[in-house]
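**Student:** Next comes structure.pdb, PDB, C-alpha atoms:
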```pdb
ATOM      1  CA  MET A  23     -66.949 -47.542 -51.626  1.00  0.00           C
ATOM      2  CA  ARG A  24     -63.743 -46.208 -53.196  1.00  0.00           C
ATOM      3  CA  THR A  25     -62.180 -45.915 -49.746  1.00  0.00           C
ATOM      4  CA  ILE A  26     -62.990 -49.553 -48.961  1.00  0.00           C
ATOM      5  CA  VAL A  27     -61.505 -50.735 -52.264  1.00  0.00           C
ATOM      6  CA  PHE A  28     -58.355 -48.693 -51.655  1.00  0.00           C
ATOM      7  CA  ILE A  29     -57.878 -50.128 -48.170  1.00  0.00           C
ATOM      8  CA  ILE A  30     -58.322 -53.697 -49.427  1.00  0.00           C
ATOM      9  CA  ALA A  31     -55.875 -53.095 -52.282  1.00  0.00           C
ATOM     10  CA  ALA A  32     -53.319 -51.671 -49.888  1.00  0.00           C
ATOM     11  CA  PHE A  33     -53.335 -54.885 -47.868  1.00  0.00           C
ATOM     12  CA  LEU A  34     -52.960 -57.005 -50.998  1.00  0.00           C
ATOM     13  CA  LEU A  35     -49.944 -55.123 -52.341  1.00  0.00           C
ATOM     14  CA  PRO A  36     -46.516 -56.555 -51.457  1.00  0.00           C
ATOM     15  CA  SER A  37     -44.720 -54.567 -48.791  1.00  0.00           C
ATOM     16  CA  PHE A  38     -41.220 -53.192 -49.180  1.00  0.00           C
ATOM     17  CA  SER A  39     -39.088 -51.850 -46.385  1.00  0.00           C
ATOM     18  CA  PHE A  40     -36.930 -48.825 -47.012  1.00  0.00           C
ATOM     19  CA  ALA A  41     -33.255 -48.887 -46.107  1.00  0.00           C
ATOM     20  CA  TRP A  42     -32.534 -47.576 -42.601  1.00  0.00           C
ATOM     21  CA  GLY A  43     -35.780 -45.619 -42.409  1.00  0.00           C
ATOM     22  CA  PRO A  44     -35.593 -41.816 -42.202  1.00  0.00           C
ATOM     23  CA  THR A  45     -33.643 -41.760 -38.940  1.00  0.00           C
ATOM     24  CA  GLY A  46     -30.844 -43.965 -40.219  1.00  0.00           C
ATOM     25  CA  HIS A  47     -30.506 -42.087 -43.495  1.00  0.00           C
ATOM     26  CA  ARG A  48     -30.407 -38.754 -41.686  1.00  0.00           C
ATOM     27  CA  VAL A  49     -27.691 -40.074 -39.374  1.00  0.00           C
ATOM     28  CA  THR A  50     -25.572 -40.825 -42.450  1.00  0.00           C
ATOM     29  CA  GLY A  51     -26.105 -37.294 -43.755  1.00  0.00           C
ATOM     30  CA  GLN A  52     -25.408 -35.764 -40.345  1.00  0.00           C
ATOM     31  CA  VAL A  53     -22.154 -37.707 -39.984  1.00  0.00           C
ATOM     32  CA  ALA A  54     -21.042 -36.747 -43.486  1.00  0.00           C
ATOM     33  CA  GLU A  55     -21.444 -33.043 -42.694  1.00  0.00           C
ATOM     34  CA  LYS A  56     -18.725 -33.362 -40.031  1.00  0.00           C
ATOM     35  CA  TYR A  57     -16.141 -34.622 -42.520  1.00  0.00           C
ATOM     36  CA  LEU A  58     -16.793 -32.321 -45.477  1.00  0.00           C
ATOM     37  CA  SER A  59     -14.076 -29.977 -46.687  1.00  0.00           C
ATOM     38  CA  LYS A  60     -14.819 -26.236 -46.632  1.00  0.00           C
ATOM     39  CA  LYS A  61     -15.016 -26.191 -50.432  1.00  0.00           C
ATOM     40  CA  ALA A  62     -17.452 -29.120 -50.524  1.00  0.00           C
ATOM     41  CA  LYS A  63     -19.631 -27.556 -47.813  1.00  0.00           C
ATOM     42  CA  LYS A  64     -19.829 -24.307 -49.760  1.00  0.00           C
ATOM     43  CA  GLU A  65     -20.693 -26.029 -53.036  1.00  0.00           C
ATOM     44  CA  LEU A  66     -23.303 -28.314 -51.478  1.00  0.00           C
ATOM     45  CA  ASP A  67     -24.923 -25.404 -49.667  1.00  0.00           C
ATOM     46  CA  ARG A  68     -25.332 -23.698 -53.036  1.00  0.00           C
ATOM     47  CA  ILE A  69     -26.491 -26.796 -54.922  1.00  0.00           C
ATOM     48  CA  LEU A  70     -29.003 -27.925 -52.284  1.00  0.00           C
ATOM     49  CA  ASN A  71     -30.204 -24.384 -51.577  1.00  0.00           C
ATOM     50  CA  HIS A  72     -29.150 -24.575 -47.910  1.00  0.00           C
ATOM     51  CA  GLN A  73     -30.823 -27.953 -47.311  1.00  0.00           C
ATOM     52  CA  SER A  74     -28.730 -30.185 -45.056  1.00  0.00           C
ATOM     53  CA  LEU A  75     -27.439 -33.568 -46.198  1.00  0.00           C
ATOM     54  CA  ALA A  76     -29.546 -35.125 -43.447  1.00  0.00           C
ATOM     55  CA  MET A  77     -32.778 -33.662 -44.814  1.00  0.00           C
ATOM     56  CA  ALA A  78     -31.831 -34.428 -48.430  1.00  0.00           C
ATOM     57  CA  SER A  79     -31.059 -38.053 -47.553  1.00  0.00           C
ATOM     58  CA  THR A  80     -34.658 -39.305 -47.680  1.00  0.00           C
ATOM     59  CA  TRP A  81     -35.518 -37.894 -51.121  1.00  0.00           C
ATOM     60  CA  MET A  82     -35.295 -41.255 -52.906  1.00  0.00           C
ATOM     61  CA  ASP A  83     -37.816 -42.741 -50.483  1.00  0.00           C
ATOM     62  CA  ASP A  84     -40.037 -39.657 -50.515  1.00  0.00           C
ATOM     63  CA  ILE A  85     -40.527 -39.906 -54.312  1.00  0.00           C
ATOM     64  CA  ARG A  86     -41.711 -43.533 -54.280  1.00  0.00           C
ATOM     65  CA  SER A  87     -45.325 -42.327 -54.471  1.00  0.00           C
ATOM     66  CA  ASP A  88     -44.568 -40.495 -57.741  1.00  0.00           C
ATOM     67  CA  SER A  89     -44.805 -42.836 -60.748  1.00  0.00           C
ATOM     68  CA  THR A  90     -42.393 -40.553 -62.625  1.00  0.00           C
ATOM     69  CA  TYR A  91     -39.621 -42.151 -60.600  1.00  0.00           C
ATOM     70  CA  ASP A  92     -40.718 -45.790 -60.852  1.00  0.00           C
ATOM     71  CA  HIS A  93     -37.604 -46.574 -62.888  1.00  0.00           C
ATOM     72  CA  MET A  94     -35.522 -45.961 -59.749  1.00  0.00           C
ATOM     73  CA  THR A  95     -37.244 -48.639 -57.658  1.00  0.00           C
ATOM     74  CA  ASP A  96     -34.587 -51.333 -58.092  1.00  0.00           C
ATOM     75  CA  TRP A  97     -31.664 -48.955 -57.621  1.00  0.00           C
ATOM     76  CA  HIS A  98     -31.846 -49.267 -53.813  1.00  0.00           C
ATOM     77  CA  TRP A  99     -30.522 -52.827 -53.600  1.00  0.00           C
ATOM     78  CA  VAL A 100     -28.476 -55.557 -55.278  1.00  0.00           C
ATOM     79  CA  THR A 101     -28.484 -59.353 -55.255  1.00  0.00           C
ATOM     80  CA  ILE A 102     -25.164 -61.166 -54.828  1.00  0.00           C
ATOM     81  CA  GLN A 103     -25.422 -64.810 -53.859  1.00  0.00           C
ATOM     82  CA  ASN A 104     -23.090 -66.408 -51.334  1.00  0.00           C
ATOM     83  CA  GLY A 105     -19.750 -67.319 -52.873  1.00  0.00           C
ATOM     84  CA  GLN A 106     -20.123 -64.804 -55.705  1.00  0.00           C
ATOM     85  CA  THR A 107     -18.693 -61.386 -56.421  1.00  0.00           C
ATOM     86  CA  TYR A 108     -20.660 -58.549 -57.952  1.00  0.00           C
ATOM     87  CA  ASP A 109     -19.003 -59.235 -61.308  1.00  0.00           C
ATOM     88  CA  GLN A 110     -20.112 -62.865 -61.157  1.00  0.00           C
ATOM     89  CA  SER A 111     -23.685 -62.098 -60.089  1.00  0.00           C
ATOM     90  CA  ALA A 112     -26.670 -62.037 -62.435  1.00  0.00           C
ATOM     91  CA  LYS A 113     -27.474 -58.406 -63.180  1.00  0.00           C
ATOM     92  CA  ASN A 114     -30.904 -56.843 -62.828  1.00  0.00           C
ATOM     93  CA  PRO A 115     -31.715 -55.231 -66.205  1.00  0.00           C
ATOM     94  CA  LYS A 116     -33.465 -52.435 -64.310  1.00  0.00           C
ATOM     95  CA  GLY A 117     -30.275 -51.574 -62.432  1.00  0.00           C
ATOM     96  CA  ASP A 118     -29.009 -51.982 -58.889  1.00  0.00           C
ATOM     97  CA  VAL A 119     -27.372 -49.972 -56.118  1.00  0.00           C
ATOM     98  CA  VAL A 120     -23.783 -50.809 -57.126  1.00  0.00           C
ATOM     99  CA  ALA A 121     -24.159 -49.878 -60.779  1.00  0.00           C
ATOM    100  CA  THR A 122     -26.185 -46.772 -59.936  1.00  0.00           C
ATOM    101  CA  LEU A 123     -23.678 -45.471 -57.399  1.00  0.00           C
ATOM    102  CA  GLU A 124     -20.770 -45.996 -59.775  1.00  0.00           C
ATOM    103  CA  ARG A 125     -22.668 -44.229 -62.550  1.00  0.00           C
ATOM    104  CA  ILE A 126     -23.804 -41.178 -60.587  1.00  0.00           C
ATOM    105  CA  ILE A 127     -20.366 -40.674 -59.012  1.00  0.00           C
ATOM    106  CA  ALA A 128     -18.856 -40.638 -62.512  1.00  0.00           C
ATOM    107  CA  GLU A 129     -21.569 -38.255 -63.728  1.00  0.00           C
ATOM    108  CA  LEU A 130     -20.989 -35.845 -60.852  1.00  0.00           C
ATOM    109  CA  LYS A 131     -17.236 -35.899 -61.420  1.00  0.00           C
ATOM    110  CA  SER A 132     -17.731 -35.186 -65.146  1.00  0.00           C
ATOM    111  CA  LYS A 133     -19.106 -31.686 -64.391  1.00  0.00           C
ATOM    112  CA  LYS A 134     -21.411 -32.052 -67.402  1.00  0.00           C
ATOM    113  CA  LEU A 135     -24.742 -32.166 -65.558  1.00  0.00           C
ATOM    114  CA  SER A 136     -27.344 -29.417 -65.659  1.00  0.00           C
ATOM    115  CA  PRO A 137     -28.102 -27.735 -62.302  1.00  0.00           C
ATOM    116  CA  ALA A 138     -31.319 -29.764 -61.938  1.00  0.00           C
ATOM    117  CA  GLU A 139     -29.524 -33.013 -62.772  1.00  0.00           C
ATOM    118  CA  GLU A 140     -26.775 -32.205 -60.291  1.00  0.00           C
ATOM    119  CA  VAL A 141     -29.274 -31.673 -57.454  1.00  0.00           C
ATOM    120  CA  GLU A 142     -30.978 -34.969 -58.258  1.00  0.00           C
ATOM    121  CA  ARG A 143     -27.722 -36.923 -58.444  1.00  0.00           C
ATOM    122  CA  ILE A 144     -26.504 -35.484 -55.127  1.00  0.00           C
ATOM    123  CA  LYS A 145     -29.723 -36.539 -53.394  1.00  0.00           C
ATOM    124  CA  MET A 146     -29.442 -39.992 -54.959  1.00  0.00           C
ATOM    125  CA  LEU A 147     -25.840 -40.285 -53.853  1.00  0.00           C
ATOM    126  CA  ILE A 148     -26.609 -39.355 -50.246  1.00  0.00           C
ATOM    127  CA  HIS A 149     -29.383 -41.933 -50.066  1.00  0.00           C
ATOM    128  CA  LEU A 150     -27.748 -44.809 -51.904  1.00  0.00           C
ATOM    129  CA  VAL A 151     -24.485 -44.643 -49.979  1.00  0.00           C
ATOM    130  CA  GLY A 152     -26.672 -45.263 -46.940  1.00  0.00           C
ATOM    131  CA  ASP A 153     -28.576 -48.074 -48.662  1.00  0.00           C
ATOM    132  CA  ILE A 154     -25.544 -50.118 -49.650  1.00  0.00           C
ATOM    133  CA  HIS A 155     -24.261 -50.058 -46.068  1.00  0.00           C
ATOM    134  CA  GLN A 156     -27.459 -51.685 -44.778  1.00  0.00           C
ATOM    135  CA  PRO A 157     -26.493 -55.386 -44.895  1.00  0.00           C
ATOM    136  CA  LEU A 158     -29.851 -56.588 -46.214  1.00  0.00           C
ATOM    137  CA  HIS A 159     -29.724 -54.250 -49.211  1.00  0.00           C
ATOM    138  CA  VAL A 160     -27.092 -56.601 -50.558  1.00  0.00           C
ATOM    139  CA  GLY A 161     -29.343 -59.635 -50.602  1.00  0.00           C
ATOM    140  CA  GLY A 162     -28.670 -63.284 -51.328  1.00  0.00           C
ATOM    141  CA  GLY A 163     -31.603 -63.629 -53.692  1.00  0.00           C
ATOM    142  CA  ASN A 164     -33.775 -65.946 -51.603  1.00  0.00           C
ATOM    143  CA  ASP A 165     -35.997 -63.741 -49.435  1.00  0.00           C
ATOM    144  CA  ARG A 166     -36.150 -60.223 -50.938  1.00  0.00           C
ATOM    145  CA  GLY A 167     -33.411 -58.980 -48.637  1.00  0.00           C
ATOM    146  CA  GLY A 168     -35.091 -60.335 -45.520  1.00  0.00           C
ATOM    147  CA  ASN A 169     -38.515 -58.879 -46.327  1.00  0.00           C
ATOM    148  CA  ASP A 170     -39.942 -62.410 -46.539  1.00  0.00           C
ATOM    149  CA  VAL A 171     -38.438 -63.467 -43.194  1.00  0.00           C
ATOM    150  CA  LYS A 172     -41.295 -62.899 -40.769  1.00  0.00           C
ATOM    151  CA  VAL A 173     -40.208 -62.205 -37.204  1.00  0.00           C
ATOM    152  CA  GLN A 174     -41.500 -60.429 -34.140  1.00  0.00           C
ATOM    153  CA  TRP A 175     -39.860 -57.386 -32.636  1.00  0.00           C
ATOM    154  CA  PHE A 176     -40.852 -57.222 -28.963  1.00  0.00           C
ATOM    155  CA  ARG A 177     -44.033 -59.210 -29.787  1.00  0.00           C
ATOM    156  CA  THR A 178     -44.967 -56.940 -32.702  1.00  0.00           C
ATOM    157  CA  ASP A 179     -45.080 -58.510 -36.172  1.00  0.00           C
ATOM    158  CA  SER A 180     -42.193 -57.378 -38.336  1.00  0.00           C
ATOM    159  CA  ASN A 181     -39.702 -58.804 -40.812  1.00  0.00           C
ATOM    160  CA  LEU A 182     -35.943 -59.137 -40.752  1.00  0.00           C
ATOM    161  CA  HIS A 183     -35.404 -56.316 -43.219  1.00  0.00           C
ATOM    162  CA  ARG A 184     -37.494 -53.900 -41.152  1.00  0.00           C
ATOM    163  CA  VAL A 185     -35.638 -54.899 -37.977  1.00  0.00           C
ATOM    164  CA  TRP A 186     -32.400 -53.701 -39.567  1.00  0.00           C
ATOM    165  CA  ASP A 187     -33.955 -50.716 -41.335  1.00  0.00           C
ATOM    166  CA  SER A 188     -35.704 -49.172 -38.400  1.00  0.00           C
ATOM    167  CA  ASP A 189     -36.789 -51.414 -35.509  1.00  0.00           C
ATOM    168  CA  MET A 190     -33.405 -51.516 -33.765  1.00  0.00           C
ATOM    169  CA  ILE A 191     -32.769 -47.836 -34.515  1.00  0.00           C
ATOM    170  CA  ASP A 192     -36.207 -46.627 -33.428  1.00  0.00           C
ATOM    171  CA  ASP A 193     -36.009 -48.652 -30.213  1.00  0.00           C
ATOM    172  CA  THR A 194     -33.171 -46.411 -29.025  1.00  0.00           C
ATOM    173  CA  ARG A 195     -35.659 -43.503 -28.865  1.00  0.00           C
ATOM    174  CA  LEU A 196     -32.870 -41.223 -30.129  1.00  0.00           C
ATOM    175  CA  SER A 197     -33.297 -38.495 -32.716  1.00  0.00           C
ATOM    176  CA  TYR A 198     -31.029 -38.650 -35.736  1.00  0.00           C
ATOM    177  CA  THR A 199     -28.827 -35.915 -34.285  1.00  0.00           C
ATOM    178  CA  GLU A 200     -28.546 -37.733 -30.947  1.00  0.00           C
ATOM    179  CA  LEU A 201     -27.750 -41.066 -32.605  1.00  0.00           C
ATOM    180  CA  ALA A 202     -25.153 -39.442 -34.882  1.00  0.00           C
ATOM    181  CA  ALA A 203     -23.529 -37.748 -31.886  1.00  0.00           C
ATOM    182  CA  SER A 204     -23.373 -41.055 -30.013  1.00  0.00           C
ATOM    183  CA  LEU A 205     -21.315 -42.815 -32.670  1.00  0.00           C
ATOM    184  CA  GLU A 206     -17.640 -43.432 -32.121  1.00  0.00           C
ATOM    185  CA  ILE A 207     -15.144 -40.925 -33.465  1.00  0.00           C
ATOM    186  CA  PRO A 208     -13.030 -42.685 -36.107  1.00  0.00           C
ATOM    187  CA  THR A 209      -9.264 -42.330 -36.150  1.00  0.00           C
ATOM    188  CA  SER A 210      -7.547 -40.572 -39.030  1.00  0.00           C
ATOM    189  CA  GLY A 211      -6.317 -43.978 -40.151  1.00  0.00           C
ATOM    190  CA  GLN A 212      -9.843 -45.380 -40.230  1.00  0.00           C
ATOM    191  CA  ILE A 213     -11.118 -42.384 -42.176  1.00  0.00           C
ATOM    192  CA  LEU A 214      -8.378 -42.770 -44.769  1.00  0.00           C
ATOM    193  CA  LEU A 215      -8.957 -46.512 -45.090  1.00  0.00           C
ATOM    194  CA  TRP A 216     -12.732 -46.207 -45.362  1.00  0.00           C
ATOM    195  CA  GLN A 217     -12.589 -43.424 -47.924  1.00  0.00           C
ATOM    196  CA  LYS A 218     -10.113 -45.326 -50.102  1.00  0.00           C
ATOM    197  CA  SER A 219     -12.496 -48.271 -50.463  1.00  0.00           C
ATOM    198  CA  SER A 220     -14.765 -48.737 -53.476  1.00  0.00           C
ATOM    199  CA  VAL A 221     -18.522 -49.140 -53.922  1.00  0.00           C
ATOM    200  CA  ARG A 222     -17.961 -52.855 -54.519  1.00  0.00           C
ATOM    201  CA  ASP A 223     -15.960 -53.090 -51.309  1.00  0.00           C
ATOM    202  CA  TRP A 224     -18.964 -51.679 -49.457  1.00  0.00           C
ATOM    203  CA  ALA A 225     -21.220 -54.331 -50.998  1.00  0.00           C
ATOM    204  CA  ASN A 226     -18.769 -57.068 -49.986  1.00  0.00           C
ATOM    205  CA  GLU A 227     -18.732 -55.737 -46.431  1.00  0.00           C
ATOM    206  CA  SER A 228     -22.528 -55.874 -46.255  1.00  0.00           C
ATOM    207  CA  MET A 229     -22.413 -59.485 -47.462  1.00  0.00           C
ATOM    208  CA  SER A 230     -19.910 -60.328 -44.718  1.00  0.00           C
ATOM    209  CA  PHE A 231     -22.556 -59.726 -42.029  1.00  0.00           C
ATOM    210  CA  ARG A 232     -25.045 -62.325 -43.280  1.00  0.00           C
ATOM    211  CA  LYS A 233     -24.237 -64.863 -40.568  1.00  0.00           C
ATOM    212  CA  GLN A 234     -24.980 -62.328 -37.854  1.00  0.00           C
ATOM    213  CA  VAL A 235     -28.046 -60.858 -39.585  1.00  0.00           C
ATOM    214  CA  TYR A 236     -29.684 -64.270 -40.010  1.00  0.00           C
ATOM    215  CA  ASP A 237     -28.964 -65.371 -36.453  1.00  0.00           C
ATOM    216  CA  TYR A 238     -32.616 -64.803 -35.541  1.00  0.00           C
ATOM    217  CA  GLY A 239     -33.389 -68.175 -33.932  1.00  0.00           C
ATOM    218  CA  GLN A 240     -37.149 -68.674 -33.573  1.00  0.00           C
ATOM    219  CA  GLY A 241     -37.808 -65.125 -34.747  1.00  0.00           C
ATOM    220  CA  LYS A 242     -38.652 -63.662 -31.328  1.00  0.00           C
ATOM    221  CA  LEU A 243     -36.346 -60.660 -31.436  1.00  0.00           C
ATOM    222  CA  GLY A 244     -35.691 -57.890 -28.965  1.00  0.00           C
ATOM    223  CA  TYR A 245     -33.097 -56.988 -26.359  1.00  0.00           C
ATOM    224  CA  GLU A 246     -30.767 -59.936 -26.964  1.00  0.00           C
ATOM    225  CA  TYR A 247     -30.651 -59.548 -30.755  1.00  0.00           C
ATOM    226  CA  SER A 248     -30.089 -55.811 -30.449  1.00  0.00           C
ATOM    227  CA  TYR A 249     -27.418 -56.334 -27.797  1.00  0.00           C
ATOM    228  CA  HIS A 250     -25.451 -58.595 -30.123  1.00  0.00           C
ATOM    229  CA  TYR A 251     -25.925 -56.791 -33.432  1.00  0.00           C
ATOM    230  CA  PHE A 252     -26.838 -53.120 -33.000  1.00  0.00           C
ATOM    231  CA  SER A 253     -23.107 -52.402 -32.982  1.00  0.00           C
ATOM    232  CA  ILE A 254     -23.103 -53.397 -36.672  1.00  0.00           C
ATOM    233  CA  VAL A 255     -25.840 -50.862 -37.385  1.00  0.00           C
ATOM    234  CA  ARG A 256     -23.865 -48.138 -35.635  1.00  0.00           C
ATOM    235  CA  ALA A 257     -20.658 -49.036 -37.455  1.00  0.00           C
ATOM    236  CA  ARG A 258     -22.343 -49.086 -40.865  1.00  0.00           C
ATOM    237  CA  LEU A 259     -24.027 -45.718 -40.330  1.00  0.00           C
ATOM    238  CA  LEU A 260     -20.685 -44.209 -39.335  1.00  0.00           C
ATOM    239  CA  GLN A 261     -18.832 -45.729 -42.285  1.00  0.00           C
ATOM    240  CA  ALA A 262     -21.530 -44.592 -44.694  1.00  0.00           C
ATOM    241  CA  GLY A 263     -21.311 -41.008 -43.465  1.00  0.00           C
ATOM    242  CA  VAL A 264     -17.513 -40.863 -43.580  1.00  0.00           C
ATOM    243  CA  ARG A 265     -17.443 -42.395 -47.056  1.00  0.00           C
ATOM    244  CA  LEU A 266     -20.167 -40.092 -48.348  1.00  0.00           C
ATOM    245  CA  ALA A 267     -18.102 -37.115 -47.207  1.00  0.00           C
ATOM    246  CA  GLY A 268     -15.042 -38.554 -48.926  1.00  0.00           C
ATOM    247  CA  ILE A 269     -16.859 -38.857 -52.251  1.00  0.00           C
ATOM    248  CA  LEU A 270     -18.295 -35.341 -52.015  1.00  0.00           C
ATOM    249  CA  ASN A 271     -14.890 -33.909 -51.086  1.00  0.00           C
ATOM    250  CA  GLU A 272     -13.413 -35.598 -54.137  1.00  0.00           C
ATOM    251  CA  ILE A 273     -16.172 -34.326 -56.439  1.00  0.00           C
ATOM    252  CA  TYR A 274     -15.943 -30.747 -55.180  1.00  0.00           C
ATOM    253  CA  LYS A 275     -12.221 -30.520 -54.391  1.00  0.00           C
TER     254      LYS A 275
END
```
Take the structure I supplied and represent it as structure tokens, if you would.
**Tutor:**
Amino acid sequence: MRTIVFIIAAFLLPSFSFAWGPTGHRVTGQVAEKYLSKKAKKELDRILNHQSLAMASTWMDDIRSDSTYDHMTDWHWVTIQNGQTYDQSAKNPKGDVVATLERIIAELKSKKLSPAEEVERIKMLIHLVGDIHQPLHVGGGNDRGGNDVKVQWFRTDSNLHRVWDSDMIDDTRLSYTELAASLEIPTSGQILLWQKSSVRDWANESMSFRKQVYDYGQGKLGYEYSYHYFSIVRARLLQAGVRLAGILNEIYK
């Protein structure tokens, strides 16, 4: 009887898609490893006890089943309506991805964290840099970042958020290491430009893709949609990884 009740309850609970899914987040971590300084690599190896950035990247999704971390639920996303800046937007009292990233970067740079706090903040940083680069994690406030936009992905029921999180990525049938290796190699000029940008710049960039993201027609998505827009996914994963490395290099310079 308990099993039946649990199954029914599971169907009644609202669904929430995670940013990028595990493959996308691990791509960001894998890319970042390539652009770390020797000092940062050494420090992160010590702090994370030899765990790679790729494997640490999913921690904030892994802990969702632990009520101890319920206060972090809203830190994965932010709402900024069209025509507004982050400063102008109504703020979630429970926090958002922009405020959280700015806070944990400052905390890590302060060098005042305990070892346990430092590990936690690093894992948060790795994950949330990925989150803010997923265009639908900077939502317009009308459809829960595309979660309420019901579509089909190759005739399978999905939603727009999930298409960008994982459907397009998973359809490549590539592992995270293969997908990371397939990304373009940025120029030194691109790396410098990307790493000089701010957290709020990243949010603005995600907003700039709304026209493309919502170009879903009748909601029957597949090859054509991926052909037009998977390049955005690839670019955002690459930028996230390069920028994550830049922050970590700055923290552990």
**Student:** Tell me, in Å to one decimal, how far CA of Gln103 in chain A is from CA of Val160 in chain A.
**Tutor:**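 Taking CA of Gln103 in chain A as the start and CA of Val160 in chain A as the end point, the length is 9.0 Å.
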**Student:** Considering all atoms listed in the file, can you say which of A:Ile273, A:Leu158, A:Ala203, A:Leu150 comes closest to Gln234 in chain A?
**Tutor:**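 Answer, going by the shortest atom-to-atom distance: A:Leu158.
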**Student:** Would you kindly identify which residues have an atom no farther than 9 Å from (-17.8, -36.7, -44.0), using only C-alpha atoms and the file's own coordinates, and write them out as a PyMOL selection string?
**Tutor:** chain A and resi 50-59+213+262-271
**Student:** Can you list, as a list in words, every protein, DNA or RNA residue that comes within 10 Å of Tyr251 in chain A when you count only C-alpha atoms, leaving out same-chain residues fewer than 6 positions away?
**Tutor:** Trp186, Met190, Phe231, Gln234, Val235 and Asp237 of chain A
**Student:** Identify, on the basis of all atoms listed in the file, every residue whose closest approach to range 215-227 of chain A does not exceed 10 Å; exclude the query and any residue fewer than 3 positions from it along the same chain; express the result as number ranges by chain.
**Tutor:** A: 99-102, 106-109, 119-121, 123-124, 151, 153-157, 159-161, 208-212, 230-232, 258, 261-262, 264-269
**Student:** Choose the residue, out of A:Ser132, A:Thr194, A:Ser180, A:Ser89, that has the smallest atom-to-atom separation from Glu272 in chain A; count all atoms listed in the file.
**Tutor:**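 Checking each of A:Ser132, A:Thr194, A:Ser180, A:Ser89 against Glu272 in chain A, counting all atoms listed in the file, the winner is A:Ser132.
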**Student:** State, in Å with one decimal place, the distance from CA of Asp170 in chain A to CA of Leu182 in chain A.
**Tutor:**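 Value for the CA of Asp170 in chain A-CA of Leu182 in chain A distance: 7.8 Å.
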**Student:** Applied to this file, what does the PyMOL selection byres ((chain A and resi 79) around 6) return in terms of residues, put as a PyMOL selection string?
**Tutor:** chain A and resi 47-48+75-78+80-81+148-149
**Student:** Produce a file of the selected residues containing C-alpha atoms, as a compact mmCIF listing (two decimals), in the frame of the given file.
**Tutor:**
```txt
# COMPACT_ATOMS: atom_id res chain seq x y z
CA HIS A 47 -30.51 -42.09 -43.50
CA ARG A 48 -30.41 -38.75 -41.69
CA LEU A 75 -27.44 -33.57 -46.20
CA ALA A 76 -29.55 -35.12 -43.45
CA MET A 77 -32.78 -33.66 -44.81
CA ALA A 78 -31.83 -34.43 -48.43
CA THR A 80 -34.66 -39.30 -47.68
CA TRP A 81 -35.52 -37.89 -51.12
CA ILE A 148 -26.61 -39.35 -50.25
CA HIS A 149 -29.38 -41.93 -50.07
```
**Student:** In Å, rounded to a single decimal, give me how far CA of His98 in chain A is from CA of Gln110 in chain A.
**Tutor:**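 Separating CA of Gln110 in chain A from CA of His98 in chain A is a distance of 19.4 Å.
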**Student:** Ranking A:Met146, A:Lys113, A:Tyr245, A:Asp192 by minimum distance to Glu129 in chain A and counting only C-alpha atoms, which one comes first?
**Tutor:**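 Among the listed residues, A:Met146 lies closest to Glu129 in chain A.
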**Student:** Counting only C-alpha atoms, which of A:Ile207, A:Met82, A:Val173, A:Ile69 gets nearest to Pro44 in chain A?
**Tutor:**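 Nearest to Pro44 in chain A: A:Met82.
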**Student:** Please evaluate the PyMOL selection byres ((chain A and resi 42) around 6) against the structure above and give the resulting residues as a list of chain:residue names.
**Tutor:** A:Ala41, A:Gly43, A:Gly46, A:His47, A:Asp187, A:Ser188
**Student:** Rebuild range 128-138 of chain A to N, CA and C atoms - output it as a PDB file, keeping the file's coordinate frame, please.
**Tutor:**
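Okay, this is what ended up in result.pdb:
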```pdb
ATOM      1  N   ALA A 128     -19.553 -41.028 -61.275  1.00  0.00           N
ATOM      2  CA  ALA A 128     -18.856 -40.638 -62.512  1.00  0.00           C
ATOM      3  C   ALA A 128     -19.525 -39.428 -63.154  1.00  0.00           C
ATOM      4  N   GLU A 129     -20.855 -39.388 -63.136  1.00  0.00           N
ATOM      5  CA  GLU A 129     -21.569 -38.255 -63.728  1.00  0.00           C
ATOM      6  C   GLU A 129     -21.283 -36.960 -62.971  1.00  0.00           C
ATOM      7  N   LEU A 130     -21.266 -37.041 -61.651  1.00  0.00           N
ATOM      8  CA  LEU A 130     -20.989 -35.845 -60.852  1.00  0.00           C
ATOM      9  C   LEU A 130     -19.551 -35.359 -61.060  1.00  0.00           C
ATOM     10  N   LYS A 131     -18.630 -36.277 -61.192  1.00  0.00           N
ATOM     11  CA  LYS A 131     -17.236 -35.899 -61.420  1.00  0.00           C
ATOM     12  C   LYS A 131     -17.020 -35.314 -62.816  1.00  0.00           C
ATOM     13  N   SER A 132     -17.887 -35.655 -63.765  1.00  0.00           N
ATOM     14  CA  SER A 132     -17.731 -35.186 -65.146  1.00  0.00           C
ATOM     15  C   SER A 132     -17.982 -33.693 -65.295  1.00  0.00           C
ATOM     16  N   LYS A 133     -18.745 -33.116 -64.356  1.00  0.00           N
ATOM     17  CA  LYS A 133     -19.106 -31.686 -64.391  1.00  0.00           C
ATOM     18  C   LYS A 133     -19.923 -31.328 -65.637  1.00  0.00           C
ATOM     19  N   LYS A 134     -20.629 -32.290 -66.184  1.00  0.00           N
ATOM     20  CA  LYS A 134     -21.411 -32.052 -67.402  1.00  0.00           C
ATOM     21  C   LYS A 134     -22.921 -32.043 -67.148  1.00  0.00           C
ATOM     22  N   LEU A 135     -23.328 -32.113 -65.890  1.00  0.00           N
ATOM     23  CA  LEU A 135     -24.742 -32.166 -65.558  1.00  0.00           C
ATOM     24  C   LEU A 135     -25.346 -30.766 -65.527  1.00  0.00           C
ATOM     25  N   SER A 136     -26.628 -30.676 -65.841  1.00  0.00           N
ATOM     26  CA  SER A 136     -27.344 -29.417 -65.659  1.00  0.00           C
ATOM     27  C   SER A 136     -27.546 -29.194 -64.168  1.00  0.00           C
ATOM     28  N   PRO A 137     -27.864 -27.979 -63.733  1.00  0.00           N
ATOM     29  CA  PRO A 137     -28.102 -27.735 -62.302  1.00  0.00           C
ATOM     30  C   PRO A 137     -29.164 -28.663 -61.711  1.00  0.00           C
ATOM     31  N   ALA A 138     -30.252 -28.887 -62.438  1.00  0.00           N
ATOM     32  CA  ALA A 138     -31.319 -29.764 -61.938  1.00  0.00           C
ATOM     33  C   ALA A 138     -30.833 -31.206 -61.831  1.00  0.00           C
TER      34      ALA A 138
END
```
